[in-house]
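S.K.: Sharing final_34.cif, mmCIF, C-alpha atoms and all ligand atoms:
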data_model
loop_
_atom_site.label_atom_id
_atom_site.label_comp_id
_atom_site.auth_asym_id
_atom_site.auth_seq_id
_atom_site.Cartn_x
_atom_site.Cartn_y
_atom_site.Cartn_z
CA MET J 20 56.76 -34.12 12.57
CA THR J 21 56.91 -37.92 12.92
CA ASP J 22 55.37 -40.23 10.32
CA SER J 23 52.60 -41.38 12.65
CA VAL J 24 51.66 -37.79 13.51
CA ASN J 25 51.63 -37.01 9.79
CA ILE J 26 49.35 -39.94 9.06
CA ASP J 27 47.03 -39.02 11.95
CA LYS J 28 46.84 -35.48 10.63
CA ALA J 29 46.11 -36.67 7.06
CA VAL J 30 43.40 -39.08 8.26
CA ARG J 31 41.78 -36.41 10.44
CA GLN J 32 41.83 -33.92 7.56
CA HIS J 33 40.37 -36.50 5.22
CA LEU J 34 37.50 -37.28 7.60
CA GLU J 35 36.76 -33.62 8.25
CA MET J 36 36.90 -32.79 4.56
CA GLU J 37 34.60 -35.75 3.88
CA GLN J 38 32.15 -34.30 6.41
CA PHE J 39 32.41 -30.76 5.12
CA PHE J 40 32.24 -31.32 1.38
CA GLY J 41 30.29 -34.58 1.63
CA GLY J 42 26.67 -35.09 2.61
CA PHE J 43 25.17 -32.41 0.41
CA SER J 44 22.08 -33.15 -1.59
CA VAL J 45 19.97 -31.18 -4.02
CA ARG J 46 16.34 -30.73 -3.08
CA GLY J 47 14.06 -31.84 -5.89
CA HIS J 48 15.63 -32.71 -9.18
CA ALA J 49 18.62 -31.14 -10.84
CA ASP J 50 17.59 -30.70 -14.45
CA ALA J 51 20.32 -32.38 -16.48
CA GLY J 52 19.72 -29.74 -19.15
CA GLN J 53 20.76 -27.10 -16.64
CA LEU J 54 24.20 -28.61 -16.43
CA GLN J 55 24.98 -28.12 -20.08
CA GLU J 56 25.02 -25.03 -22.16
CA GLN J 57 21.79 -24.29 -23.98
CA GLU J 58 23.31 -22.63 -26.98
CA GLU J 59 26.56 -23.37 -28.67
CA ALA J 60 28.51 -21.29 -31.09
CA MET J 61 30.31 -24.38 -32.41
CA PRO J 62 28.63 -27.80 -32.59
CA ALA J 63 29.86 -29.97 -29.69
CA VAL J 64 31.37 -32.57 -32.04
CA GLU J 65 33.55 -29.94 -33.69
CA SER J 66 34.74 -28.41 -30.44
CA ASP J 67 35.49 -31.93 -29.18
CA LYS J 68 37.63 -32.54 -32.27
CA GLU J 69 39.38 -29.20 -31.86
CA LEU J 70 40.08 -29.96 -28.21
CA GLU J 71 41.56 -33.31 -29.23
CA ARG J 72 43.74 -31.63 -31.84
CA LEU J 73 44.88 -29.16 -29.22
CA ALA J 74 45.70 -32.00 -26.82
CA ASP J 75 47.84 -33.59 -29.58
CA GLN J 76 49.72 -30.31 -29.99
CA VAL J 77 50.23 -30.08 -26.24
CA GLU J 78 51.68 -33.60 -26.24
CA GLN J 79 54.23 -32.57 -28.87
CA CYS J 80 54.94 -29.17 -27.34
CA ARG J 81 58.49 -28.03 -26.67
CA ARG J 82 57.78 -24.32 -26.34
CA CYS J 83 59.54 -24.24 -22.97
CA GLU J 84 61.98 -26.44 -21.10
CA LEU J 85 59.18 -28.23 -19.21
CA GLY J 86 58.39 -30.08 -22.43
CA SER J 87 61.56 -32.11 -22.12
CA LEU J 88 61.13 -32.76 -18.38
CA ARG J 89 57.61 -34.16 -18.31
CA THR J 90 56.48 -37.77 -18.26
CA ASN J 91 53.13 -36.80 -19.75
CA ALA J 92 51.64 -33.50 -20.79
CA VAL J 93 48.31 -32.74 -19.13
CA ALA J 94 46.13 -30.93 -21.63
CA GLY J 95 42.94 -30.93 -19.55
CA GLU J 96 39.76 -32.97 -19.57
CA GLY J 97 36.03 -32.79 -19.17
CA ASN J 98 32.86 -31.73 -20.85
CA SER J 99 33.41 -29.60 -23.93
CA ASP J 100 29.96 -28.10 -23.27
CA ALA J 101 30.70 -27.34 -19.64
CA ARG J 102 29.15 -24.30 -18.01
CA ILE J 103 31.92 -24.27 -15.42
CA MET J 104 35.61 -24.53 -16.21
CA PHE J 105 38.07 -25.02 -13.34
CA VAL J 106 41.60 -23.76 -13.96
CA GLY J 107 44.47 -24.78 -11.72
CA GLU J 108 48.14 -23.95 -11.73
CA ALA J 109 50.10 -26.86 -13.20
CA PRO J 110 50.21 -30.65 -13.05
CA GLY J 111 51.85 -32.21 -10.01
CA GLY J 112 53.54 -35.61 -9.73
CA ASP J 113 50.37 -37.74 -9.98
CA GLU J 114 49.07 -35.72 -12.91
CA ASP J 115 52.42 -35.97 -14.70
CA LEU J 116 52.34 -39.76 -14.32
CA GLN J 117 48.74 -40.17 -15.46
CA GLY J 118 48.45 -37.34 -17.99
CA ARG J 119 45.23 -36.17 -16.33
CA PRO J 120 44.52 -32.99 -14.34
CA PHE J 121 43.77 -32.99 -10.62
CA VAL J 122 44.08 -36.70 -9.86
CA GLY J 123 46.29 -36.44 -6.73
CA ARG J 124 45.29 -35.34 -3.23
CA ALA J 125 44.31 -31.85 -4.36
CA GLY J 126 42.29 -33.47 -7.14
CA GLN J 127 40.44 -35.68 -4.69
CA LEU J 128 39.46 -32.59 -2.77
CA LEU J 129 38.41 -30.85 -5.98
CA ASP J 130 36.22 -33.89 -6.75
CA LYS J 131 34.55 -33.45 -3.35
CA ILE J 132 33.99 -29.76 -3.97
CA ILE J 133 32.43 -30.56 -7.36
CA ALA J 134 30.24 -33.25 -5.78
CA ALA J 135 29.23 -30.87 -2.98
CA CYS J 136 27.98 -28.56 -5.76
CA GLY J 137 25.66 -31.34 -6.94
CA LEU J 138 27.80 -31.85 -10.05
CA LYS J 139 29.96 -34.58 -11.48
CA ARG J 140 33.47 -34.27 -12.79
CA SER J 141 32.07 -35.09 -16.22
CA ASP J 142 29.80 -31.99 -16.05
CA VAL J 143 32.73 -29.58 -15.86
CA TYR J 144 36.02 -29.00 -17.64
CA ILE J 145 39.29 -29.03 -15.72
CA GLY J 146 42.48 -27.46 -17.02
CA ASN J 147 45.62 -25.74 -15.89
CA ILE J 148 47.69 -22.68 -16.69
CA LEU J 149 50.72 -24.90 -17.41
CA LYS J 150 50.32 -28.20 -19.22
CA CYS J 151 53.57 -29.72 -17.96
CA ARG J 152 54.82 -30.28 -14.45
CA PRO J 153 57.43 -27.84 -13.15
CA PRO J 154 60.28 -29.68 -11.37
CA GLU J 155 59.59 -30.22 -7.66
CA ASN J 156 56.22 -28.53 -8.22
CA ARG J 157 57.88 -25.13 -8.14
CA ASP J 158 55.92 -22.03 -9.14
CA PRO J 159 55.42 -21.48 -12.88
CA LYS J 160 57.93 -19.08 -14.45
CA VAL J 161 56.81 -16.07 -16.45
CA ASP J 162 58.23 -17.40 -19.74
CA GLU J 163 56.56 -20.80 -19.16
CA ILE J 164 53.20 -19.12 -18.60
CA ALA J 165 53.69 -16.99 -21.72
CA ALA J 166 54.54 -20.08 -23.79
CA CYS J 167 51.65 -22.19 -22.47
CA LEU J 168 48.82 -19.70 -22.06
CA PRO J 169 47.66 -19.78 -25.72
CA TYR J 170 46.59 -23.43 -25.20
CA LEU J 171 44.34 -22.49 -22.29
CA GLN J 172 43.02 -19.43 -24.11
CA ARG J 173 42.02 -21.64 -27.04
CA GLN J 174 40.39 -24.15 -24.68
CA ILE J 175 38.33 -21.35 -23.17
CA GLU J 176 37.32 -20.18 -26.67
CA LEU J 177 36.22 -23.68 -27.63
CA ILE J 178 34.40 -24.56 -24.41
CA GLU J 179 32.88 -21.12 -23.90
CA PRO J 180 32.17 -21.71 -20.21
CA GLU J 181 29.76 -19.37 -18.50
CA ILE J 182 32.02 -19.25 -15.47
CA ILE J 183 35.71 -19.92 -14.96
CA VAL J 184 36.71 -20.91 -11.45
CA ALA J 185 40.35 -19.96 -11.00
CA LEU J 186 41.93 -22.18 -8.37
CA GLY J 187 44.61 -20.30 -6.50
CA ALA J 188 46.74 -17.23 -7.01
CA HIS J 189 48.62 -18.33 -10.14
CA ALA J 190 45.48 -19.13 -12.11
CA ALA J 191 43.60 -16.05 -10.93
CA ARG J 192 46.49 -13.63 -11.47
CA THR J 193 47.32 -15.02 -14.89
CA LEU J 194 43.76 -14.99 -16.20
CA LEU J 195 42.99 -11.57 -14.76
CA ASP J 196 46.41 -10.13 -15.59
CA THR J 197 46.84 -8.73 -12.11
CA THR J 198 49.30 -8.97 -9.24
CA LYS J 199 46.63 -8.86 -6.53
CA SER J 200 46.63 -11.57 -3.87
CA ILE J 201 44.20 -14.45 -3.92
CA GLY J 202 42.79 -13.09 -0.64
CA GLN J 203 41.88 -9.88 -2.46
CA LEU J 204 40.59 -11.63 -5.57
CA ARG J 205 38.48 -14.45 -4.16
CA GLY J 206 34.82 -14.23 -3.29
CA GLN J 207 33.70 -11.93 -6.08
CA PHE J 208 33.15 -12.17 -9.79
CA HIS J 209 35.73 -10.72 -12.16
CA GLU J 210 35.88 -10.74 -15.93
CA TYR J 211 38.27 -12.80 -17.98
CA SER J 212 38.86 -10.94 -21.18
CA ALA J 213 38.47 -13.50 -23.96
CA GLY J 214 39.96 -11.25 -26.63
CA LEU J 215 38.80 -8.81 -29.25
CA GLY J 216 35.19 -9.30 -30.34
CA ARG J 217 34.51 -11.93 -27.72
CA MET J 218 32.28 -11.62 -24.69
CA PRO J 219 34.23 -11.56 -21.42
CA VAL J 220 33.76 -14.63 -19.24
CA LYS J 221 32.79 -14.34 -15.57
CA LEU J 222 35.56 -15.56 -13.34
CA MET J 223 35.38 -16.57 -9.68
CA ALA J 224 38.71 -16.91 -7.91
CA THR J 225 38.98 -19.19 -4.93
CA TYR J 226 41.64 -20.95 -2.90
CA HIS J 227 43.52 -23.81 -4.55
CA PRO J 228 42.56 -27.20 -3.06
CA ALA J 229 46.26 -27.81 -2.28
CA TYR J 230 46.29 -24.62 -0.21
CA LEU J 231 43.12 -25.79 1.51
CA LEU J 232 44.86 -29.07 2.38
CA ARG J 233 47.84 -27.16 3.79
CA SER J 234 46.02 -24.33 5.53
CA TYR J 235 43.33 -26.44 6.83
CA SER J 236 40.77 -24.44 8.77
CA PRO J 237 36.99 -24.33 8.93
CA GLU J 238 37.21 -20.68 7.88
CA ASN J 239 39.09 -21.46 4.65
CA ARG J 240 36.78 -24.35 3.79
CA ARG J 241 33.80 -22.10 4.44
CA LYS J 242 35.26 -19.44 2.13
CA VAL J 243 35.67 -21.92 -0.73
CA TRP J 244 32.13 -23.16 -0.21
CA ASP J 245 30.84 -19.57 -0.16
CA ASP J 246 32.65 -18.91 -3.47
CA MET J 247 31.15 -22.03 -5.04
CA LYS J 248 27.66 -21.11 -3.81
CA LYS J 249 28.02 -17.80 -5.66
CA VAL J 250 28.95 -19.72 -8.81
CA LEU J 251 25.90 -21.98 -8.49
CA THR J 252 23.61 -19.04 -7.83
CA GLU J 253 24.98 -17.16 -10.85
CA LEU J 254 24.25 -20.21 -13.02
CA GLY J 255 20.76 -20.63 -11.57
CA LEU J 256 21.71 -24.05 -10.20
CA PRO J 257 20.33 -25.30 -6.88
CA ILE J 258 22.57 -25.10 -3.84
CA PRO J 259 22.77 -28.54 -2.26
CA GLU J 260 21.88 -28.65 1.39
CA ARG J 261 23.74 -30.55 4.02
CA SER J 262 21.71 -33.64 4.84
CA LYS J 263 20.65 -33.90 8.48
CA GLN J 264 22.11 -37.13 9.83
N1 LIG Y 301 47.39 -28.78 -8.93
C1 LIG Y 301 47.06 -28.08 -10.04
O1 LIG Y 301 47.10 -26.86 -10.03
N2 LIG Y 301 46.70 -28.75 -11.11
C2 LIG Y 301 46.64 -30.06 -11.16
O2 LIG Y 301 46.29 -30.60 -12.19
C3 LIG Y 301 46.97 -30.77 -9.99
C4 LIG Y 301 47.34 -30.11 -8.89
#
Rewrite the coordinates I just gave you, this time as structure tokens.
Ligand code: URA

M.R.:
Amino acid sequence: MTDSVNIDKAVRQHLEMEQFFGGFSVRGHADAGQLQEQEEAMPAVESDKELERLADQVEQCRRCELGSLRTNAVAGEGNSDARIMFVGEAPGGDEDLQGRPFVGRAGQLLDKIIAACGLKRSDVYIGNILKCRPPENRDPKVDEIAACLPYLQRQIELIEPEIIVALGAHAARTLLDTTKSIGQLRGQFHEYSAGLGRMPVKLMATYHPAYLLRSYSPENRRKVWDDMKKVLTELGLPIPERSKQ
């Protein structure tokens, strides 16, 4: 494909995505209280501190070879009281440079999906299975996942989200400990087992925004939106309606 065709395609996708995930509004008023957890096991200040400590550990981490290849570790970011926690696969090039999750093209699409839900990025928490970028954005290896997963498990314990949204096959399969395909897993609630003595956390699997950018079809966008509507309904949050222009 030539450069100009590539650019045309990217611009067209951007505009269509803007239309699809843009232009939603919530009827009436979203109660800010609804966006945060009502009850907390650990005071927010303490879980914030714990999350910071964890991020420091992640920055020092050399549990797998990715630790020596990264520019920056990407621990995760967001609201420590979040009701929704998004979990992706691993940082890409932009994330590695900035040390923040989902800040590249896939991140821009995730921002639009969050906004289409009537939420802000600061309402949710965003993390990844791997905290360091695999070279050339290759798939995470089993030993890398095994080394890194305890960080995410601890983040989930501290944040206690009501719903985890697993973005893509790697996140969904890892958190659900299954080999099923994302096509089989998406669209329905599963349970993430948070460990002995802990309540399981509801988990919705959906397509990764990067997949959505690659396999760009109204059907796939509709499926992601359907999955997110189920999440909003489960949380008792209003489903924004497309404004009539
Ligand atoms: N893709 C991911 O899975 N995570 C990121 O943080 C960015 C892109």

S.K.: 10 Å from ligand LIG 301 (chain Y) is the threshold here; counting all atoms listed in the file, which polymer residues fall inside it? Answer as an mmCIF file with C-alpha atoms, keeping the file's coordinate frame.

M.R.:
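What ended up in pocket35.cif:
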data_model
loop_
_atom_site.group_PDB
_atom_site.id
_atom_site.type_symbol
_atom_site.label_atom_id
_atom_site.label_comp_id
_atom_site.auth_asym_id
_atom_site.auth_seq_id
_atom_site.Cartn_x
_atom_site.Cartn_y
_atom_site.Cartn_z
ATOM 1 C CA VAL J 93 48.310 -32.740 -19.130
ATOM 2 C CA ALA J 94 46.130 -30.930 -21.630
ATOM 3 C CA GLY J 95 42.940 -30.930 -19.550
ATOM 4 C CA PHE J 105 38.070 -25.020 -13.340
ATOM 5 C CA VAL J 106 41.600 -23.760 -13.960
ATOM 6 C CA GLY J 107 44.470 -24.780 -11.720
ATOM 7 C CA GLU J 108 48.140 -23.950 -11.730
ATOM 8 C CA ALA J 109 50.100 -26.860 -13.200
ATOM 9 C CA PRO J 110 50.210 -30.650 -13.050
ATOM 10 C CA GLY J 111 51.850 -32.210 -10.010
ATOM 11 C CA GLY J 112 53.540 -35.610 -9.730
ATOM 12 C CA ASP J 113 50.370 -37.740 -9.980
ATOM 13 C CA GLU J 114 49.070 -35.720 -12.910
ATOM 14 C CA ASP J 115 52.420 -35.970 -14.700
ATOM 15 C CA GLY J 118 48.450 -37.340 -17.990
ATOM 16 C CA ARG J 119 45.230 -36.170 -16.330
ATOM 17 C CA PRO J 120 44.520 -32.990 -14.340
ATOM 18 C CA PHE J 121 43.770 -32.990 -10.620
ATOM 19 C CA VAL J 122 44.080 -36.700 -9.860
ATOM 20 C CA GLY J 123 46.290 -36.440 -6.730
ATOM 21 C CA ARG J 124 45.290 -35.340 -3.230
ATOM 22 C CA ALA J 125 44.310 -31.850 -4.360
ATOM 23 C CA GLY J 126 42.290 -33.470 -7.140
ATOM 24 C CA GLN J 127 40.440 -35.680 -4.690
ATOM 25 C CA LEU J 129 38.410 -30.850 -5.980
ATOM 26 C CA ILE J 145 39.290 -29.030 -15.720
ATOM 27 C CA GLY J 146 42.480 -27.460 -17.020
ATOM 28 C CA ASN J 147 45.620 -25.740 -15.890
ATOM 29 C CA ILE J 148 47.690 -22.680 -16.690
ATOM 30 C CA LEU J 149 50.720 -24.900 -17.410
ATOM 31 C CA LYS J 150 50.320 -28.200 -19.220
ATOM 32 C CA CYS J 151 53.570 -29.720 -17.960
ATOM 33 C CA ARG J 152 54.820 -30.280 -14.450
ATOM 34 C CA ASN J 156 56.220 -28.530 -8.220
ATOM 35 C CA ALA J 185 40.350 -19.960 -11.000
ATOM 36 C CA LEU J 186 41.930 -22.180 -8.370
ATOM 37 C CA GLY J 187 44.610 -20.300 -6.500
ATOM 38 C CA HIS J 189 48.620 -18.330 -10.140
ATOM 39 C CA ALA J 190 45.480 -19.130 -12.110
ATOM 40 C CA HIS J 227 43.520 -23.810 -4.550
ATOM 41 C CA PRO J 228 42.560 -27.200 -3.060
ATOM 42 C CA ALA J 229 46.260 -27.810 -2.280
ATOM 43 C CA TYR J 230 46.290 -24.620 -0.210
#

S.K.: Calculate how many Å separate atom CA of J:Asp142 from atom CA of J:Gln76, rounding to one decimal.

M.R.: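 Computing it gives 24.4 Å between the two atoms.
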
S.K.: Using only C-alpha atoms for the distances, tell me which of J:Leu256, J:Glu163, J:Phe39, J:Leu177 is nearest to J:Arg217.

M.R.: J:Leu177

S.K.: Using only C-alpha atoms for the distances, tell me which of J:Ser200, J:Lys242, J:Pro169, J:Cys136 is nearest to J:Ile258.

M.R.: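 Closest candidate: J:Cys136.
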
S.K.: Find, counting only C-alpha atoms, the residue in J:Gln117, J:Gln207, J:Ser99, J:Ser234 that gets nearest to J:Met247.

M.R.: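 Checking each of J:Gln117, J:Gln207, J:Ser99, J:Ser234 against J:Met247, counting only C-alpha atoms, the winner is J:Gln207.
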
S.K.: Could you add the missing atoms to stretch 133-159 of chain J, up to N, CA, C and O atoms, and return them as a PDB file, in the coordinates of the input?

M.R.:
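Once everything was written out, this is selection10.pdb:
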ATOM      1  N   ILE J 133      33.346 -30.451  -6.215  1.00  0.00           N
ATOM      2  CA  ILE J 133      32.430 -30.560  -7.360  1.00  0.00           C
ATOM      3  C   ILE J 133      31.169 -31.332  -6.950  1.00  0.00           C
ATOM      4  O   ILE J 133      30.040 -30.931  -7.252  1.00  0.00           O
ATOM      5  N   ALA J 134      31.384 -32.435  -6.221  1.00  0.00           N
ATOM      6  CA  ALA J 134      30.240 -33.250  -5.780  1.00  0.00           C
ATOM      7  C   ALA J 134      29.367 -32.465  -4.804  1.00  0.00           C
ATOM      8  O   ALA J 134      28.130 -32.550  -4.843  1.00  0.00           O
ATOM      9  N   ALA J 135      30.000 -31.673  -3.932  1.00  0.00           N
ATOM     10  CA  ALA J 135      29.230 -30.870  -2.980  1.00  0.00           C
ATOM     11  C   ALA J 135      28.351 -29.857  -3.709  1.00  0.00           C
ATOM     12  O   ALA J 135      27.316 -29.427  -3.206  1.00  0.00           O
ATOM     13  N   CYS J 136      28.759 -29.497  -4.928  1.00  0.00           N
ATOM     14  CA  CYS J 136      27.980 -28.560  -5.760  1.00  0.00           C
ATOM     15  C   CYS J 136      26.830 -29.268  -6.473  1.00  0.00           C
ATOM     16  O   CYS J 136      26.095 -28.644  -7.242  1.00  0.00           O
ATOM     17  N   GLY J 137      26.715 -30.581  -6.270  1.00  0.00           N
ATOM     18  CA  GLY J 137      25.660 -31.340  -6.940  1.00  0.00           C
ATOM     19  C   GLY J 137      26.040 -31.677  -8.376  1.00  0.00           C
ATOM     20  O   GLY J 137      25.181 -31.979  -9.204  1.00  0.00           O
ATOM     21  N   LEU J 138      27.331 -31.601  -8.680  1.00  0.00           N
ATOM     22  CA  LEU J 138      27.800 -31.850 -10.050  1.00  0.00           C
ATOM     23  C   LEU J 138      28.721 -33.057 -10.075  1.00  0.00           C
ATOM     24  O   LEU J 138      29.188 -33.533  -9.037  1.00  0.00           O
ATOM     25  N   LYS J 139      28.982 -33.504 -11.295  1.00  0.00           N
ATOM     26  CA  LYS J 139      29.960 -34.580 -11.480  1.00  0.00           C
ATOM     27  C   LYS J 139      31.164 -34.007 -12.215  1.00  0.00           C
ATOM     28  O   LYS J 139      31.056 -32.992 -12.890  1.00  0.00           O
ATOM     29  N   ARG J 140      32.264 -34.706 -12.085  1.00  0.00           N
ATOM     30  CA  ARG J 140      33.470 -34.270 -12.790  1.00  0.00           C
ATOM     31  C   ARG J 140      33.203 -34.170 -14.294  1.00  0.00           C
ATOM     32  O   ARG J 140      33.721 -33.310 -14.978  1.00  0.00           O
ATOM     33  N   SER J 141      32.350 -35.081 -14.780  1.00  0.00           N
ATOM     34  CA  SER J 141      32.070 -35.090 -16.220  1.00  0.00           C
ATOM     35  C   SER J 141      31.154 -33.927 -16.648  1.00  0.00           C
ATOM     36  O   SER J 141      30.919 -33.728 -17.833  1.00  0.00           O
ATOM     37  N   ASP J 142      30.614 -33.168 -15.695  1.00  0.00           N
ATOM     38  CA  ASP J 142      29.800 -31.990 -16.050  1.00  0.00           C
ATOM     39  C   ASP J 142      30.676 -30.778 -16.330  1.00  0.00           C
ATOM     40  O   ASP J 142      30.225 -29.821 -16.949  1.00  0.00           O
ATOM     41  N   VAL J 143      31.894 -30.786 -15.800  1.00  0.00           N
ATOM     42  CA  VAL J 143      32.730 -29.580 -15.860  1.00  0.00           C
ATOM     43  C   VAL J 143      33.970 -29.859 -16.712  1.00  0.00           C
ATOM     44  O   VAL J 143      34.204 -31.002 -17.109  1.00  0.00           O
ATOM     45  N   TYR J 144      34.730 -28.802 -16.972  1.00  0.00           N
ATOM     46  CA  TYR J 144      36.020 -29.000 -17.640  1.00  0.00           C
ATOM     47  C   TYR J 144      37.107 -28.570 -16.658  1.00  0.00           C
ATOM     48  O   TYR J 144      36.946 -27.606 -15.909  1.00  0.00           O
ATOM     49  N   ILE J 145      38.202 -29.321 -16.651  1.00  0.00           N
ATOM     50  CA  ILE J 145      39.290 -29.030 -15.720  1.00  0.00           C
ATOM     51  C   ILE J 145      40.592 -28.866 -16.502  1.00  0.00           C
ATOM     52  O   ILE J 145      40.994 -29.760 -17.254  1.00  0.00           O
ATOM     53  N   GLY J 146      41.209 -27.720 -16.338  1.00  0.00           N
ATOM     54  CA  GLY J 146      42.480 -27.460 -17.020  1.00  0.00           C
ATOM     55  C   GLY J 146      43.460 -26.772 -16.095  1.00  0.00           C
ATOM     56  O   GLY J 146      43.189 -26.567 -14.911  1.00  0.00           O
ATOM     57  N   ASN J 147      44.572 -26.399 -16.658  1.00  0.00           N
ATOM     58  CA  ASN J 147      45.620 -25.740 -15.890  1.00  0.00           C
ATOM     59  C   ASN J 147      46.253 -24.621 -16.705  1.00  0.00           C
ATOM     60  O   ASN J 147      46.189 -24.632 -17.935  1.00  0.00           O
ATOM     61  N   ILE J 148      46.927 -23.724 -15.998  1.00  0.00           N
ATOM     62  CA  ILE J 148      47.690 -22.680 -16.690  1.00  0.00           C
ATOM     63  C   ILE J 148      48.864 -23.326 -17.445  1.00  0.00           C
ATOM     64  O   ILE J 148      49.066 -23.061 -18.620  1.00  0.00           O
ATOM     65  N   LEU J 149      49.625 -24.166 -16.756  1.00  0.00           N
ATOM     66  CA  LEU J 149      50.720 -24.900 -17.410  1.00  0.00           C
ATOM     67  C   LEU J 149      50.278 -26.326 -17.699  1.00  0.00           C
ATOM     68  O   LEU J 149      49.614 -26.949 -16.879  1.00  0.00           O
ATOM     69  N   LYS J 150      50.710 -26.832 -18.844  1.00  0.00           N
ATOM     70  CA  LYS J 150      50.320 -28.200 -19.220  1.00  0.00           C
ATOM     71  C   LYS J 150      51.374 -29.236 -18.843  1.00  0.00           C
ATOM     72  O   LYS J 150      51.154 -30.429 -19.033  1.00  0.00           O
ATOM     73  N   CYS J 151      52.511 -28.783 -18.379  1.00  0.00           N
ATOM     74  CA  CYS J 151      53.570 -29.720 -17.960  1.00  0.00           C
ATOM     75  C   CYS J 151      53.996 -29.410 -16.537  1.00  0.00           C
ATOM     76  O   CYS J 151      53.931 -28.251 -16.097  1.00  0.00           O
ATOM     77  N   ARG J 152      54.451 -30.435 -15.852  1.00  0.00           N
ATOM     78  CA  ARG J 152      54.820 -30.280 -14.450  1.00  0.00           C
ATOM     79  C   ARG J 152      56.147 -29.538 -14.277  1.00  0.00           C
ATOM     80  O   ARG J 152      57.158 -29.963 -14.835  1.00  0.00           O
ATOM     81  N   PRO J 153      56.149 -28.469 -13.474  1.00  0.00           N
ATOM     82  CA  PRO J 153      57.430 -27.840 -13.150  1.00  0.00           C
ATOM     83  C   PRO J 153      58.188 -28.734 -12.161  1.00  0.00           C
ATOM     84  O   PRO J 153      57.567 -29.354 -11.293  1.00  0.00           O
ATOM     85  N   PRO J 154      59.518 -28.814 -12.277  1.00  0.00           N
ATOM     86  CA  PRO J 154      60.280 -29.680 -11.370  1.00  0.00           C
ATOM     87  C   PRO J 154      59.995 -29.344  -9.913  1.00  0.00           C
ATOM     88  O   PRO J 154      59.889 -28.169  -9.562  1.00  0.00           O
ATOM     89  N   GLU J 155      59.865 -30.373  -9.103  1.00  0.00           N
ATOM     90  CA  GLU J 155      59.590 -30.220  -7.660  1.00  0.00           C
ATOM     91  C   GLU J 155      58.331 -29.385  -7.402  1.00  0.00           C
ATOM     92  O   GLU J 155      58.203 -28.760  -6.341  1.00  0.00           O
ATOM     93  N   ASN J 156      57.463 -29.324  -8.360  1.00  0.00           N
ATOM     94  CA  ASN J 156      56.220 -28.530  -8.220  1.00  0.00           C
ATOM     95  C   ASN J 156      56.496 -27.061  -7.900  1.00  0.00           C
ATOM     96  O   ASN J 156      55.704 -26.423  -7.198  1.00  0.00           O
ATOM     97  N   ARG J 157      57.601 -26.541  -8.403  1.00  0.00           N
ATOM     98  CA  ARG J 157      57.880 -25.130  -8.140  1.00  0.00           C
ATOM     99  C   ARG J 157      56.862 -24.261  -8.874  1.00  0.00           C
ATOM    100  O   ARG J 157      56.129 -24.735  -9.745  1.00  0.00           O
ATOM    101  N   ASP J 158      56.856 -22.961  -8.499  1.00  0.00           N
ATOM    102  CA  ASP J 158      55.920 -22.030  -9.140  1.00  0.00           C
ATOM    103  C   ASP J 158      56.216 -21.917 -10.641  1.00  0.00           C
ATOM    104  O   ASP J 158      57.376 -21.982 -11.049  1.00  0.00           O
ATOM    105  N   PRO J 159      55.190 -21.704 -11.442  1.00  0.00           N
ATOM    106  CA  PRO J 159      55.420 -21.480 -12.880  1.00  0.00           C
ATOM    107  C   PRO J 159      56.251 -20.221 -13.094  1.00  0.00           C
ATOM    108  O   PRO J 159      56.111 -19.238 -12.366  1.00  0.00           O
TER     109      PRO J 159
END
